[in-house]
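**Q** Sharing a structure here in structure tokens format.
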Amino acid sequence: KAGVTQTPRYLIKTRGQQVTLSCSPISGHRSVSWYQQTPGQGLQFLFEYFSETQRNKGNFPGRFSGRQFSNSRSEMNVSTLELGDSALYLCASSSTGGGLANEKLFFGSGTQLSVL
Amino acid sequence: DAKTTQPTSMDCAEGRAANLPCNHSTISGNEYVYWYRQIHSQGPQYIIHGLKNNETNEMASLIITEDRKSSTLILPHATLRDTAVYYCIVRVVGLANFGNEKLTFGTGTRLTIIP
């Protein structure tokens, strides 16, 4: 069974540009959540999608957005990039987003975004 | 979500058991304890999780105290490849949490295996 797949693995952008990152969850998983990891702030929750609906959102500005498709694949978009957006962006998938006891949650390898 | 407290760093000799503690004193009844590890610039790797009973798998053992306020991850025979940051998190699980994923990560424990 393939794991959580994130593309691209590395990305370099300049300030003011926008970027779209992709996440393909494990087959059968309907929940996809996104996290930002920086050396200073650690791992921080961005948002979570379940069955194409955003259920939870972290404390990030509106420049950060996402969506989920009917096949559970998810994308996140960052508009008007700032230097501080440089980070490792991780997505995680699970069957129900915590609705089932003993459910496992798996992470992808992440997309390393550098904003110059 | 309950918060967790872990030591910032630990060393362990190669071949010895590595015991990583985690305090989660405010854990509630529907929260599981999950352990992940992260090798530099990669995604967190699932290790093990449990509710109240001790758990063991091919990677590690998880010991949860009876009051569930703390737990210990045990890597029985540490190797150099176990050098990583280990995160202990609590995760709400249950029908009321269907599609409601939102994890809170702490700073984790940086485990260094010494040859």
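To be explicit about the labels: the chains of the structure tokens are called A, B, and onward in the order shown, and within each one the residues are counted from 1, while ligands get numbers from 1 in the order they are shown.
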Need to verify the contact set: region 19-21 of chain B, 6 Å, only C-alpha atoms, exclusion of same-chain residues closer than 6 positions in sequence. Can you return it as a VMD selection string?
**A** chain B and resid 71 to 74
**Q** Mind listing as a ChimeraX atom specification which residues of chain B are within 10 Å of chain A, counting only C-alpha atoms?
**A** /B:30-32,34,36,38,41-46,48-51,91-108
**Q** Provide the CA of Gly28 (chain A) to CA of Ser74 (chain A) distance in Å, to one decimal place.
**A**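 Distance between the two atoms: 13.6 Å.
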**Q** When you count only C-alpha atoms, which of these residues is closest to Thr20 (chain A): A:Gly66, A:Gly40, A:Gly3, A:Gly84?
**A**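 Closest candidate: A:Gly66.
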**Q** Could you please determine the separation between CA of Arg15 (chain A) and CA of Ser86 (chain A) in Å, to one decimal place?
**A** 10.2 Å
**Q** Would you mind writing down, as a VMD selection string, each residue of chain B that DSSP on the backbone assigns to strand (DSSP E)?
**A** chain B and resid 9 to 13 18 to 23 31 to 38 45 to 50 55 to 56 61 to 64 70 to 75 84 to 92 109 to 114
**Q** Between CA of Pro8 (chain A) and CA of Arg110 (chain B), what distance in Å does the model show, to one decimal?
**A**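 Straight-line distance from CA of Pro8 (chain A) to CA of Arg110 (chain B) works out to 27.4 Å.
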**Q** Counting only C-alpha atoms, which of A:Leu81, A:Gln18, A:Phe60, A:Val115 gets nearest to Gln36 (chain A)?
**A**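 Ranked by minimum distance to Gln36 (chain A), first place goes to A:Phe60.
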**Q** Which is closer to Thr5 (chain B) than all the others in B:Cys88, B:Met59, B:Ala18, B:Ile114, using only C-alpha atoms?
**A** B:Cys88
**Q** Which one of B:Ala17, B:Val33, B:Ile27, B:Cys12 sits closest to Leu75 (chain B) if you count only C-alpha atoms?
**A** B:Ala17
**Q** From the set A:Leu83, A:Ile12, A:Leu21, A:Ile26, which residue has the shortest atom-to-atom contact distance to Arg67 (chain A), counting only C-alpha atoms?
**A**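 Selected residue with least distance to Arg67 (chain A): A:Leu21.
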